[in-house]
Structure formats: structure tokens, C-alpha cells
>>> print(open('coords13.cif').read())   # mmCIF, C-alpha atoms
data_target
#
loop_
_atom_site.group_PDB
_atom_site.id
_atom_site.type_symbol
_atom_site.label_atom_id
_atom_site.label_comp_id
_atom_site.auth_asym_id
_atom_site.auth_seq_id
_atom_site.Cartn_x
_atom_site.Cartn_y
_atom_site.Cartn_z
ATOM 1 C CA MET A 1 25.148 -0.443 -12.018
ATOM 2 C CA THR A 2 25.767 -2.866 -14.847
ATOM 3 C CA ARG A 3 24.335 -6.072 -13.377
ATOM 4 C CA GLU A 4 20.658 -6.822 -13.784
ATOM 5 C CA ASP A 5 18.918 -6.239 -10.459
ATOM 6 C CA ARG A 6 15.167 -6.389 -10.718
ATOM 7 C CA LEU A 7 12.471 -7.120 -8.203
ATOM 8 C CA GLU A 8 10.340 -10.053 -9.346
ATOM 9 C CA ILE A 9 6.944 -9.965 -7.747
ATOM 10 C CA GLY A 10 3.478 -11.144 -8.706
ATOM 11 C CA GLY A 11 4.614 -12.050 -12.207
ATOM 12 C CA LYS A 12 6.052 -8.556 -12.769
ATOM 13 C CA SER A 13 9.652 -7.516 -13.031
ATOM 14 C CA LEU A 14 10.214 -4.143 -11.402
ATOM 15 C CA ASN A 15 13.118 -1.803 -11.807
ATOM 16 C CA SER A 16 12.181 0.465 -8.892
ATOM 17 C CA ARG A 17 12.270 -0.751 -5.309
ATOM 18 C CA LEU A 18 10.377 2.243 -3.998
ATOM 19 C CA PHE A 19 6.603 1.816 -3.636
ATOM 20 C CA VAL A 20 4.669 4.999 -2.968
ATOM 21 C CA GLY A 21 1.441 5.501 -1.039
ATOM 22 C CA THR A 22 -0.862 8.215 -2.359
ATOM 23 C CA GLY A 23 -2.506 9.144 0.947
ATOM 24 C CA LYS A 24 -2.503 12.759 2.163
ATOM 25 C CA LEU A 25 -1.307 13.981 -1.236
ATOM 26 C CA PRO A 26 -3.407 16.332 -3.356
ATOM 27 C CA ASN A 27 -4.118 14.607 -6.692
ATOM 28 C CA GLN A 28 -2.418 17.428 -8.579
ATOM 29 C CA LEU A 29 0.920 16.560 -6.940
ATOM 30 C CA LEU A 30 0.723 12.863 -7.826
ATOM 31 C CA PRO A 31 2.262 12.984 -11.325
ATOM 32 C CA GLY A 32 5.304 14.939 -10.094
ATOM 33 C CA VAL A 33 5.806 12.711 -7.063
ATOM 34 C CA ILE A 34 5.444 9.504 -9.089
ATOM 35 C CA ALA A 35 7.881 10.733 -11.719
ATOM 36 C CA ALA A 36 10.460 11.863 -9.151
ATOM 37 C CA ALA A 37 10.159 8.594 -7.216
ATOM 38 C CA GLY A 38 10.468 6.573 -10.412
ATOM 39 C CA THR A 39 8.018 4.222 -8.722
ATOM 40 C CA GLU A 40 6.211 1.435 -10.537
ATOM 41 C CA VAL A 41 3.756 0.560 -7.751
ATOM 42 C CA VAL A 42 1.446 2.956 -5.902
ATOM 43 C CA THR A 43 -1.257 2.266 -3.341
ATOM 44 C CA VAL A 44 -4.775 3.694 -3.127
ATOM 45 C CA ALA A 45 -7.724 3.153 -0.786
ATOM 46 C CA LEU A 46 -11.434 2.572 -1.388
ATOM 47 C CA ARG A 47 -13.967 4.672 0.519
ATOM 48 C CA ARG A 48 -17.629 5.601 0.550
ATOM 49 C CA VAL A 49 -18.284 8.729 -1.474
ATOM 50 C CA ASP A 50 -19.116 11.756 0.643
ATOM 51 C CA PHE A 51 -21.992 13.309 -1.301
ATOM 52 C CA ARG A 52 -21.497 16.680 0.352
ATOM 53 C CA SER A 53 -17.952 17.004 -0.999
ATOM 54 C CA PRO A 54 -17.156 14.326 -3.593
ATOM 55 C CA GLN A 55 -13.432 14.025 -4.227
ATOM 56 C CA GLU A 56 -11.752 13.550 -7.533
ATOM 57 C CA ASN A 57 -10.512 10.053 -8.274
ATOM 58 C CA PRO A 58 -6.706 9.824 -7.951
ATOM 59 C CA LEU A 59 -6.545 7.100 -10.618
ATOM 60 C CA SER A 60 -6.767 9.710 -13.363
ATOM 61 C CA TYR A 61 -3.482 11.193 -12.083
ATOM 62 C CA ILE A 62 -1.523 7.929 -12.094
ATOM 63 C CA PRO A 63 0.307 6.997 -15.316
ATOM 64 C CA GLU A 64 -0.991 3.847 -17.043
ATOM 65 C CA ASN A 65 2.261 1.891 -16.722
ATOM 66 C CA VAL A 66 2.232 2.180 -12.923
ATOM 67 C CA ILE A 67 0.692 -0.719 -10.988
ATOM 68 C CA VAL A 68 -2.151 0.497 -8.778
ATOM 69 C CA MET A 69 -2.406 -1.586 -5.641
ATOM 70 C CA PRO A 70 -5.562 -0.941 -3.603
ATOM 71 C CA ASN A 71 -5.230 -1.459 0.118
ATOM 72 C CA THR A 72 -7.928 -2.886 2.349
ATOM 73 C CA SER A 73 -7.668 -0.102 4.916
ATOM 74 C CA GLY A 74 -10.826 0.208 6.931
ATOM 75 C CA ALA A 75 -11.095 -3.587 7.215
ATOM 76 C CA ARG A 76 -11.405 -4.796 10.808
ATOM 77 C CA ASP A 77 -11.281 -8.511 10.045
ATOM 78 C CA ALA A 78 -10.443 -10.943 7.267
ATOM 79 C CA GLY A 79 -13.982 -10.916 5.876
ATOM 80 C CA GLU A 80 -14.006 -7.160 5.412
ATOM 81 C CA ALA A 81 -10.555 -7.224 3.821
ATOM 82 C CA VAL A 82 -11.689 -9.868 1.331
ATOM 83 C CA LYS A 83 -14.795 -7.844 0.504
ATOM 84 C CA ILE A 84 -12.788 -4.665 -0.130
ATOM 85 C CA ALA A 85 -10.280 -6.539 -2.291
ATOM 86 C CA ARG A 86 -13.052 -8.005 -4.436
ATOM 87 C CA LEU A 87 -14.740 -4.607 -4.835
ATOM 88 C CA ALA A 88 -11.486 -2.955 -5.828
ATOM 89 C CA GLN A 89 -10.893 -5.632 -8.422
ATOM 90 C CA ALA A 90 -14.449 -5.290 -9.735
ATOM 91 C CA ALA A 91 -13.774 -1.581 -10.009
ATOM 92 C CA GLY A 92 -11.022 -2.345 -12.494
ATOM 93 C CA CYS A 93 -8.014 -2.089 -10.224
ATOM 94 C CA GLY A 94 -6.134 -5.193 -11.368
ATOM 95 C CA ASN A 95 -5.368 -8.089 -9.059
ATOM 96 C CA TRP A 96 -2.717 -6.722 -6.731
ATOM 97 C CA VAL A 97 -3.911 -6.012 -3.214
ATOM 98 C CA LYS A 98 -2.286 -4.824 -0.010
ATOM 99 C CA ILE A 99 -3.998 -6.539 2.909
ATOM 100 C CA GLU A 100 -4.392 -4.206 5.834
ATOM 101 C CA VAL A 101 -6.521 -5.380 8.769
ATOM 102 C CA ILE A 102 -6.541 -2.982 11.697
ATOM 103 C CA THR A 103 -8.562 -2.823 14.894
ATOM 104 C CA ASP A 104 -6.252 -0.750 17.053
ATOM 105 C CA GLN A 105 -6.944 2.936 16.554
ATOM 106 C CA LYS A 106 -4.059 4.421 18.513
ATOM 107 C CA TYR A 107 -1.102 2.716 16.867
ATOM 108 C CA LEU A 108 -2.907 1.302 13.813
ATOM 109 C CA LEU A 109 -1.049 -1.961 14.252
ATOM 110 C CA PRO A 110 -2.080 -4.784 11.916
ATOM 111 C CA ASP A 111 -3.915 -7.898 13.100
ATOM 112 C CA ASN A 112 -1.569 -10.624 11.892
ATOM 113 C CA GLU A 113 -3.941 -13.584 12.346
ATOM 114 C CA GLU A 114 -6.811 -12.007 10.403
ATOM 115 C CA THR A 115 -4.306 -10.950 7.759
ATOM 116 C CA VAL A 116 -3.251 -14.570 7.250
ATOM 117 C CA LYS A 117 -6.906 -15.625 6.872
ATOM 118 C CA ALA A 118 -7.589 -12.941 4.288
ATOM 119 C CA THR A 119 -4.401 -13.843 2.419
ATOM 120 C CA GLU A 120 -5.375 -17.511 2.193
ATOM 121 C CA ILE A 121 -8.759 -16.634 0.679
ATOM 122 C CA LEU A 122 -7.522 -14.010 -1.773
ATOM 123 C CA VAL A 123 -4.598 -16.089 -3.036
ATOM 124 C CA GLN A 124 -7.110 -18.826 -3.885
ATOM 125 C CA GLU A 125 -9.059 -16.247 -5.870
ATOM 126 C CA GLY A 126 -6.012 -15.338 -7.929
ATOM 127 C CA PHE A 127 -4.988 -12.096 -6.243
ATOM 128 C CA VAL A 128 -1.382 -11.017 -5.917
ATOM 129 C CA VAL A 129 -1.419 -10.512 -2.164
ATOM 130 C CA LEU A 130 0.965 -8.242 -0.271
ATOM 131 C CA PRO A 131 0.086 -8.355 3.420
ATOM 132 C CA TYR A 132 0.971 -5.548 5.836
ATOM 133 C CA ILE A 133 2.135 -7.189 9.067
ATOM 134 C CA MET A 134 3.823 -6.826 12.396
ATOM 135 C CA PRO A 135 7.321 -8.216 11.772
ATOM 136 C CA ASP A 136 6.789 -11.720 13.140
ATOM 137 C CA LEU A 137 8.682 -14.691 11.757
ATOM 138 C CA ILE A 138 5.990 -17.283 12.445
ATOM 139 C CA ILE A 139 3.288 -15.210 10.750
ATOM 140 C CA ALA A 140 5.561 -14.456 7.816
ATOM 141 C CA ARG A 141 6.154 -18.187 7.352
ATOM 142 C CA GLN A 142 2.392 -18.795 7.389
ATOM 143 C CA LEU A 143 1.977 -16.114 4.735
ATOM 144 C CA GLU A 144 4.710 -17.697 2.644
ATOM 145 C CA GLU A 145 2.873 -21.005 2.967
ATOM 146 C CA ALA A 146 -0.426 -19.328 2.034
ATOM 147 C CA GLY A 147 1.030 -18.039 -1.222
ATOM 148 C CA ALA A 148 1.545 -14.347 -0.473
ATOM 149 C CA ALA A 149 3.562 -12.511 -3.135
ATOM 150 C CA ALA A 150 5.586 -10.617 -0.529
ATOM 151 C CA VAL A 151 5.438 -9.624 3.119
ATOM 152 C CA MET A 152 5.240 -6.008 4.198
ATOM 153 C CA PRO A 153 6.380 -5.668 7.812
ATOM 154 C CA LEU A 154 6.252 -2.285 9.518
ATOM 155 C CA GLY A 155 9.240 -0.267 10.630
ATOM 156 C CA ALA A 156 7.129 1.858 13.001
ATOM 157 C CA PRO A 157 3.443 2.768 13.283
ATOM 158 C CA ILE A 158 1.776 4.105 10.128
ATOM 159 C CA GLY A 159 2.373 7.798 9.552
ATOM 160 C CA SER A 160 4.697 8.139 12.534
ATOM 161 C CA ASN A 161 7.887 8.889 10.542
ATOM 162 C CA ARG A 162 9.833 7.199 13.341
ATOM 163 C CA GLY A 163 12.048 4.956 11.257
ATOM 164 C CA LEU A 164 13.109 1.335 11.698
ATOM 165 C CA ARG A 165 12.024 0.785 15.304
ATOM 166 C CA SER A 166 11.468 -2.905 14.631
ATOM 167 C CA ARG A 167 14.868 -3.280 13.055
ATOM 168 C CA GLU A 168 15.966 -6.525 14.706
ATOM 169 C CA PHE A 169 12.770 -8.328 13.735
ATOM 170 C CA LEU A 170 12.917 -6.974 10.202
ATOM 171 C CA ARG A 171 16.415 -8.355 9.932
ATOM 172 C CA ILE A 172 15.169 -11.794 10.941
ATOM 173 C CA LEU A 173 12.469 -11.713 8.249
ATOM 174 C CA VAL A 174 15.000 -10.646 5.628
ATOM 175 C CA GLU A 175 17.201 -13.536 6.658
ATOM 176 C CA GLU A 176 14.555 -16.249 6.955
ATOM 177 C CA ILE A 177 11.715 -15.528 4.536
ATOM 178 C CA ASN A 178 11.955 -16.570 0.907
ATOM 179 C CA LEU A 179 9.633 -13.858 -0.336
ATOM 180 C CA PRO A 180 10.320 -10.222 -1.103
ATOM 181 C CA VAL A 181 10.353 -8.278 2.171
ATOM 182 C CA ILE A 182 9.009 -4.775 1.666
ATOM 183 C CA ILE A 183 9.375 -2.498 4.671
ATOM 184 C CA ASP A 184 6.120 -0.612 4.943
ATOM 185 C CA ALA A 185 5.101 2.109 7.358
ATOM 186 C CA GLY A 186 7.097 4.320 9.646
ATOM 187 C CA ILE A 187 9.994 5.171 7.355
ATOM 188 C CA GLY A 188 10.365 8.906 7.837
ATOM 189 C CA LYS A 189 13.607 9.891 6.149
ATOM 190 C CA PRO A 190 15.614 8.858 3.093
ATOM 191 C CA SER A 191 18.458 7.677 5.351
ATOM 192 C CA GLU A 192 16.068 5.202 6.973
ATOM 193 C CA ALA A 193 15.015 3.862 3.584
ATOM 194 C CA ALA A 194 18.683 3.450 2.714
ATOM 195 C CA ALA A 195 19.254 1.621 6.010
ATOM 196 C CA ALA A 196 16.342 -0.723 5.278
ATOM 197 C CA MET A 197 17.753 -1.542 1.856
ATOM 198 C CA GLU A 198 21.275 -1.967 3.238
ATOM 199 C CA MET A 199 20.043 -4.619 5.621
ATOM 200 C CA GLY A 200 18.659 -6.555 2.674
ATOM 201 C CA ALA A 201 15.040 -5.482 2.368
ATOM 202 C CA ASP A 202 13.791 -5.983 -1.179
ATOM 203 C CA ALA A 203 11.847 -2.716 -1.322
ATOM 204 C CA VAL A 204 10.233 -0.045 0.843
ATOM 205 C CA LEU A 205 6.807 1.556 0.761
ATOM 206 C CA VAL A 206 6.746 5.245 1.655
ATOM 207 C CA ASN A 207 3.745 7.505 1.962
ATOM 208 C CA THR A 208 3.623 9.953 4.862
ATOM 209 C CA ALA A 209 7.309 10.902 4.693
ATOM 210 C CA ILE A 210 6.806 12.081 1.114
ATOM 211 C CA ALA A 211 3.281 13.446 1.469
ATOM 212 C CA THR A 212 4.042 15.568 4.530
ATOM 213 C CA ALA A 213 7.388 16.886 3.269
ATOM 214 C CA GLY A 214 7.709 20.580 2.470
ATOM 215 C CA ASP A 215 8.378 19.632 -1.156
ATOM 216 C CA PRO A 216 6.903 16.180 -1.805
ATOM 217 C CA ALA A 217 8.400 15.730 -5.284
ATOM 218 C CA LEU A 218 11.881 16.660 -4.067
ATOM 219 C CA MET A 219 11.496 14.235 -1.161
ATOM 220 C CA ALA A 220 10.296 11.507 -3.533
ATOM 221 C CA GLY A 221 13.479 11.947 -5.542
ATOM 222 C CA ALA A 222 15.554 11.841 -2.360
ATOM 223 C CA PHE A 223 13.905 8.554 -1.388
ATOM 224 C CA ALA A 224 14.568 7.120 -4.841
ATOM 225 C CA ALA A 225 18.256 7.964 -4.525
ATOM 226 C CA ALA A 226 18.391 6.566 -0.979
ATOM 227 C CA VAL A 227 16.726 3.298 -1.969
ATOM 228 C CA LYS A 228 19.138 2.888 -4.861
ATOM 229 C CA ALA A 229 22.153 3.690 -2.686
ATOM 230 C CA GLY A 230 21.029 1.310 0.056
ATOM 231 C CA ARG A 231 20.362 -1.467 -2.411
ATOM 232 C CA GLU A 232 23.738 -1.092 -4.063
ATOM 233 C CA GLY A 233 25.411 -0.968 -0.659
ATOM 234 C CA TYR A 234 23.733 -4.262 0.204
ATOM 235 C CA LEU A 235 24.687 -5.883 -3.101
ATOM 236 C CA ALA A 236 28.249 -4.654 -2.790
ATOM 237 C CA GLY A 237 28.595 -6.444 0.551
ATOM 238 C CA PRO A 238 29.657 -4.158 3.403
ATOM 239 C CA GLY A 239 33.120 -4.792 4.825
ATOM 240 C CA PRO A 240 33.648 -6.042 8.390
ATOM 241 C CA SER A 241 33.220 -3.707 11.357
ATOM 242 C CA SER A 242 35.280 -3.815 14.518
ATOM 243 C CA LEU A 243 35.454 -2.090 17.877
ATOM 244 C CA TYR A 244 39.011 -0.852 17.391
ATOM 245 C CA ALA A 245 40.633 1.105 14.648
ATOM 246 C CA ALA A 246 42.087 -0.540 11.592
ATOM 247 C CA ALA A 247 44.374 1.890 9.808
ATOM 248 C CA SER A 248 43.433 2.660 6.251
ATOM 249 C CA SER A 249 46.886 4.005 5.410
ATOM 250 C CA PRO A 250 50.062 1.921 5.657
ATOM 251 C CA LEU A 251 51.643 1.780 9.131
ATOM 252 C CA THR A 252 55.149 1.933 7.773
ATOM 253 C CA GLY A 253 57.270 4.578 6.137
ATOM 254 C CA PHE A 254 56.119 7.491 8.319
ATOM 255 C CA LEU A 255 57.905 10.717 7.510
ATOM 256 C CA ARG A 256 59.019 11.103 11.148
ATOM 257 C CA GLU A 257 61.273 8.063 10.842
ATOM 258 C CA VAL A 258 64.631 9.745 10.519
ATOM 259 C CA SER A 259 67.528 7.335 10.442
ATOM 260 C CA LYS A 260 70.611 8.468 12.280
ATOM 261 C CA MET B 1 -40.088 4.897 -1.610
ATOM 262 C CA GLU B 2 -36.700 4.798 0.090
ATOM 263 C CA VAL B 3 -33.287 3.208 -0.350
ATOM 264 C CA TYR B 4 -30.213 3.032 1.857
ATOM 265 C CA LEU B 5 -27.483 5.110 0.253
ATOM 266 C CA ASN B 6 -24.066 4.790 1.919
ATOM 267 C CA GLY B 7 -25.810 3.964 5.158
ATOM 268 C CA GLN B 8 -28.326 6.864 5.038
ATOM 269 C CA ARG B 9 -32.007 6.590 4.161
ATOM 270 C CA GLU B 10 -32.715 8.399 0.910
ATOM 271 C CA LYS B 11 -36.084 9.158 -0.681
ATOM 272 C CA VAL B 12 -36.269 8.114 -4.322
ATOM 273 C CA ASN B 13 -38.986 8.457 -6.927
ATOM 274 C CA PRO B 14 -40.759 5.401 -8.293
ATOM 275 C CA GLY B 15 -39.314 4.708 -11.730
ATOM 276 C CA GLU B 16 -35.988 6.382 -10.915
ATOM 277 C CA THR B 17 -32.877 4.594 -12.198
ATOM 278 C CA VAL B 18 -29.551 4.112 -10.488
ATOM 279 C CA ARG B 19 -27.990 6.561 -12.942
ATOM 280 C CA GLU B 20 -30.621 9.213 -12.223
ATOM 281 C CA LEU B 21 -30.032 8.881 -8.503
ATOM 282 C CA LEU B 22 -26.263 9.308 -8.919
ATOM 283 C CA SER B 23 -26.777 12.274 -11.181
ATOM 284 C CA ARG B 24 -29.152 13.859 -8.662
ATOM 285 C CA LYS B 25 -26.472 13.386 -5.973
ATOM 286 C CA GLY B 26 -23.948 15.280 -8.099
ATOM 287 C CA LEU B 27 -22.013 12.267 -9.363
ATOM 288 C CA GLY B 28 -23.061 12.355 -13.000
ATOM 289 C CA ASN B 29 -19.571 12.020 -14.442
ATOM 290 C CA ALA B 30 -17.617 10.751 -11.445
ATOM 291 C CA LYS B 31 -15.772 7.455 -11.617
ATOM 292 C CA VAL B 32 -17.335 5.464 -8.810
ATOM 293 C CA VAL B 33 -17.845 1.870 -7.791
ATOM 294 C CA LEU B 34 -21.477 1.034 -7.231
ATOM 295 C CA VAL B 35 -22.606 -1.880 -5.094
ATOM 296 C CA TYR B 36 -26.324 -2.581 -5.336
ATOM 297 C CA ASN B 37 -27.700 -5.127 -2.857
ATOM 298 C CA SER B 38 -24.206 -6.618 -2.490
ATOM 299 C CA ARG B 39 -23.695 -6.850 -6.265
ATOM 300 C CA VAL B 40 -21.256 -4.643 -8.154
ATOM 301 C CA LEU B 41 -23.145 -2.797 -10.883
ATOM 302 C CA LEU B 42 -21.068 -1.934 -13.918
ATOM 303 C CA GLU B 43 -21.714 1.427 -15.515
ATOM 304 C CA GLU B 44 -23.695 -0.119 -18.378
ATOM 305 C CA GLU B 45 -26.098 -1.531 -15.771
ATOM 306 C CA TRP B 46 -26.875 1.793 -14.148
ATOM 307 C CA GLY B 47 -30.099 2.047 -16.141
ATOM 308 C CA GLU B 48 -31.667 -0.445 -13.740
ATOM 309 C CA LEU B 49 -34.670 0.793 -11.793
ATOM 310 C CA LEU B 50 -34.268 1.377 -8.078
ATOM 311 C CA GLU B 51 -36.148 -0.985 -5.819
ATOM 312 C CA ASP B 52 -37.705 -0.048 -2.508
ATOM 313 C CA GLU B 53 -35.340 -0.698 0.444
ATOM 314 C CA ALA B 54 -32.369 -1.372 -1.840
ATOM 315 C CA VAL B 55 -28.980 -1.086 -0.151
ATOM 316 C CA ILE B 56 -26.642 0.990 -2.293
ATOM 317 C CA GLU B 57 -22.985 1.680 -1.627
ATOM 318 C CA VAL B 58 -21.226 4.255 -3.761
ATOM 319 C CA LEU B 59 -17.484 3.967 -3.392
ATOM 320 C CA SER B 60 -14.515 5.713 -4.898
ATOM 321 C CA PHE B 61 -10.774 5.298 -4.909
ATOM 322 C CA VAL B 62 -9.008 7.856 -2.763
ATOM 323 C CA GLY B 63 -5.414 8.460 -1.828
ATOM 324 C CA GLY B 64 -4.148 5.828 0.597
ATOM 325 C CA GLY B 65 -0.953 4.214 1.798
#
>>> encode(input="coords13.cif", output="C-alpha cells")
Amino acid sequence: MTREDRLEIGGKSLNSRLFVGTGKLPNQLLPGVIAAAGTEVVTVALRRVDFRSPQENPLSYIPENVIVMPNTSGARDAGEAVKIARLAQAAGCGNWVKIEVITDQKYLLPDNEETVKATEILVQEGFVVLPYIMPDLIIARQLEEAGAAAVMPLGAPIGSNRGLRSREFLRILVEEINLPVIIDAGIGKPSEAAAAMEMGADAVLVNTAIATAGDPALMAGAFAAAVKAGREGYLAGPGPSSLYAAASSPLTGFLREVSK
Amino acid sequence: MEVYLNGQREKVNPGETVRELLSRKGLGNAKVVLVYNSRVLLEEEWGELLEDEAVIEVLSFVGGG
């Protein structure tokens, strides 16, 4: 593609529209996955250390030029999300944060109202805030008003690999919200990432689909190609669709026309 | 003398520093985030002496989506 097509977000200009979550991936696989994905933004979580089996910090496996965006997973309300964001920043993780406020343990669906509250506070504190939400137009508008850097609506429950179940509502956000819309959660296959980009999403965030693949680095590359293809398909402007056939070849000059 | 370490009571020795406690728990060289009585302690502050009943959270980045 010759035209300049970059994703402007939080004062950064990104070339890649594929964000990658590092959950469920052994640290040793991170460099290969990140390279194959060509990603410029990855997410991490903050947890209490388990003294019986301390784990190695994934940050040492992430290249320096990649933006590390801590999430606030584990937060059950706005206050906890704000606390986690501040700790992550104090720990030297920059000022990007993915707000994730969850109380439901079966579907891990985000609490939109608490997410708005946390966003309002953290934007005031200078964070680049990317909230994970149920795809709801009214909430997305409130987040836009609050100064969020993007909205991250879900396609399906976290880790479910079920694809764009919320498609119609995602489409509305893409149409109505003047912020980058990053489809987060549920995308299970490269074709679904391509579909999200084709409908005009600005980026996708993929974790489980890559981490649980037989070959995570190969899958990361497949997602990168799908995101690029979907984006270019969107930019190219798909032609009209119709119920009935429209011949691609001329309807005249058939060889069977024998003049007598 | 005791402190709360990640929610568990932990016996500590009078005169023990934050760094000594971490080292004793096997985290001598680990990159961790340390919150001491709701205040983030930077690594250069880990020489501080532990106080009785202090609430200490030792956190680390882990993989997450």
C-alpha cells in the first residue's frame, strides 16, 4: 500500500493495527510472537507475587520499542482499577492503561459504568486510557466525553474464541464514535480479525487465539496478515452486494449465437 | 514482630530491612513492585527498616490480555 495509513492514538503513531495480549503465553515465546505479529502494543497484568513459585517478569522479553500497556484485570470497581493503574505506572510501565473492571466471573463481562468512572479519574491524571467495554453506544459516548484515547468493545467473552458475536453493536460504534475502536476479546480466528477490520474497526486486540494456537508465532503472523487484508479491504471500499446475480462477464457475443 | 505480606502474616526480625525480607523470600534479584503501607517503595528505598504490623504488597507484571 502506498498511501500513509497509521493509527494515531495517545500521541503515538502506530503502523500495526494488531495489539497482542501476553496472557497464557510462556515468556520464552513472547519475542517470536511479537515479531511475527509485528505488533507495537502489548498488554500485561499486575499480580501479587506467589512466593512459593515466583514467575519471571515478562517485561524482559518484550522489545523496548513496543508499548507495554498494563491492564487493570482483577479490579472489581473503579477505585481498584485506578489503584492498579497508578501502581503499574509507578512500576515504570509508562502511562498507557487498559481499564478492565469485571465482577461477573462466568462471562467476565466488563462493568461499563465503573469503567467510565475509572476513565474520568485516570484521564485527569494524564493516563492514556483504553477502556474495555460492552459495545454500548451511550457508554462509548461518555468515554469519548471523558477523554478516553480509544474504546475497546468486546466481540465475545474473553478467551472464548467465538468471534464477532456483538457485530451489529460494534458496527454502530465504528459508525458513531470519533475515537479509535479497537475490537478486544473473543476474536478466535484470523478471518474474524479481517472481518472486524473490514467493517471499519481501527485495530484489534488478540490474546487467547494466539496463545492457545498449536503454533503461536505462526498464528500471530496469520493475524497480522488478516488485519492488514481487512484494513485494506475497508480502505478500498467494498462494492455493492445484491440478492441476485450480476454477471461479471459481458452478456453479449456468446459463442452459441450462430447467425443463419 | 510481624508484618502482613501479600495478605499473610509473616514473622520478621527486629532490624530487618525490606530488602532482606525480599531476599529471604527468594526475590533477591526479581523485578517486583513493592507497596509498603500504601506507598510504592522504589528499589533504592528498600533499605528501610520494617515496622511492626506493616502492610506489604509485593507485585509483579505477568502475562495478561
>>> resolve_selection(input="coords13.cif", expression="the PyMOL selection byres ((chain B) within 6 of (chain A))", output="list of chain:residue names")
B:Val33, B:Val58, B:Leu59, B:Ser60, B:Phe61, B:Val62, B:Gly63, B:Gly64, B:Gly65
>>> atom_distance(input="coords13.cif", atom1="CA of Ala36 (chain A)", atom2="CA of Ala213 (chain A)")
13.7 Å
>>> closest_residue(input="coords13.cif", among="A:Gln105, A:Asn112, A:Asn95, A:Gln142", to="Pro157 (chain A)", atoms="all atoms listed in the file")
A:Gln105
>>> resolve_selection(input="coords13.cif", expression="the PyMOL selection byres ((chain B and resi 52-54) around 7)", output="PDB file with C-alpha atoms, in the frame of the given file")
ATOM      1  CA  MET B   1     -40.088   4.897  -1.610  1.00  0.00           C
ATOM      2  CA  GLU B   2     -36.700   4.798   0.090  1.00  0.00           C
ATOM      3  CA  VAL B   3     -33.287   3.208  -0.350  1.00  0.00           C
ATOM      4  CA  TYR B   4     -30.213   3.032   1.857  1.00  0.00           C
ATOM      5  CA  ASN B  37     -27.700  -5.127  -2.857  1.00  0.00           C
ATOM      6  CA  LEU B  50     -34.268   1.377  -8.078  1.00  0.00           C
ATOM      7  CA  GLU B  51     -36.148  -0.985  -5.819  1.00  0.00           C
ATOM      8  CA  VAL B  55     -28.980  -1.086  -0.151  1.00  0.00           C
ATOM      9  CA  ILE B  56     -26.642   0.990  -2.293  1.00  0.00           C
TER      10      ILE B  56
END
>>> residues_near_point(input="coords13.cif", point="(-23.9, 9.1, -11.2)", cutoff="12 Å", atoms="all atoms listed in the file", output="JSON list (two decimals) with C-alpha atoms, keeping the file's coordinate frame")
[["chain", "number", "residue", "atom", "x", "y", "z"],
["A", 49, "VAL", "CA", -18.28, 8.73, -1.47],
["A", 51, "PHE", "CA", -21.99, 13.31, -1.30],
["A", 54, "PRO", "CA", -17.16, 14.33, -3.59],
["B", 17, "THR", "CA", -32.88, 4.59, -12.20],
["B", 18, "VAL", "CA", -29.55, 4.11, -10.49],
["B", 19, "ARG", "CA", -27.99, 6.56, -12.94],
["B", 20, "GLU", "CA", -30.62, 9.21, -12.22],
["B", 21, "LEU", "CA", -30.03, 8.88, -8.50],
["B", 22, "LEU", "CA", -26.26, 9.31, -8.92],
["B", 23, "SER", "CA", -26.78, 12.27, -11.18],
["B", 24, "ARG", "CA", -29.15, 13.86, -8.66],
["B", 25, "LYS", "CA", -26.47, 13.39, -5.97],
["B", 26, "GLY", "CA", -23.95, 15.28, -8.10],
["B", 27, "LEU", "CA", -22.01, 12.27, -9.36],
["B", 28, "GLY", "CA", -23.06, 12.36, -13.00],
["B", 29, "ASN", "CA", -19.57, 12.02, -14.44],
["B", 30, "ALA", "CA", -17.62, 10.75, -11.44],
["B", 31, "LYS", "CA", -15.77, 7.46, -11.62],
["B", 32, "VAL", "CA", -17.34, 5.46, -8.81],
["B", 33, "VAL", "CA", -17.84, 1.87, -7.79],
["B", 34, "LEU", "CA", -21.48, 1.03, -7.23],
["B", 41, "LEU", "CA", -23.14, -2.80, -10.88],
["B", 42, "LEU", "CA", -21.07, -1.93, -13.92],
["B", 43, "GLU", "CA", -21.71, 1.43, -15.52],
["B", 44, "GLU", "CA", -23.70, -0.12, -18.38],
["B", 45, "GLU", "CA", -26.10, -1.53, -15.77],
["B", 46, "TRP", "CA", -26.88, 1.79, -14.15],
["B", 47, "GLY", "CA", -30.10, 2.05, -16.14],
["B", 58, "VAL", "CA", -21.23, 4.26, -3.76],
["B", 59, "LEU", "CA", -17.48, 3.97, -3.39],
["B", 60, "SER", "CA", -14.52, 5.71, -4.90]]
>>> closest_residue(input="coords13.cif", among="A:Pro250, A:Gly79, A:Pro216, A:Gly147", to="Val123 (chain A)", atoms="only C-alpha atoms")
A:Gly147
>>> atom_distance(input="coords13.cif", atom1="CA of Ile182 (chain A)", atom2="CA of Ala195 (chain A)")
12.8 Å
>>> resolve_selection(input="coords13.cif", expression="the PyMOL selection byres ((chain A and resi 226) around 7)", output="tab-separated table (two decimals) with C-alpha atoms, in the coordinates of the input")
chain	number	residue	atom	x	y	z
A	190	PRO	CA	15.61	8.86	3.09
A	191	SER	CA	18.46	7.68	5.35
A	193	ALA	CA	15.02	3.86	3.58
A	194	ALA	CA	18.68	3.45	2.71
A	222	ALA	CA	15.55	11.84	-2.36
A	223	PHE	CA	13.90	8.55	-1.39
A	224	ALA	CA	14.57	7.12	-4.84
A	225	ALA	CA	18.26	7.96	-4.53
A	227	VAL	CA	16.73	3.30	-1.97
A	228	LYS	CA	19.14	2.89	-4.86
A	229	ALA	CA	22.15	3.69	-2.69
A	230	GLY	CA	21.03	1.31	0.06
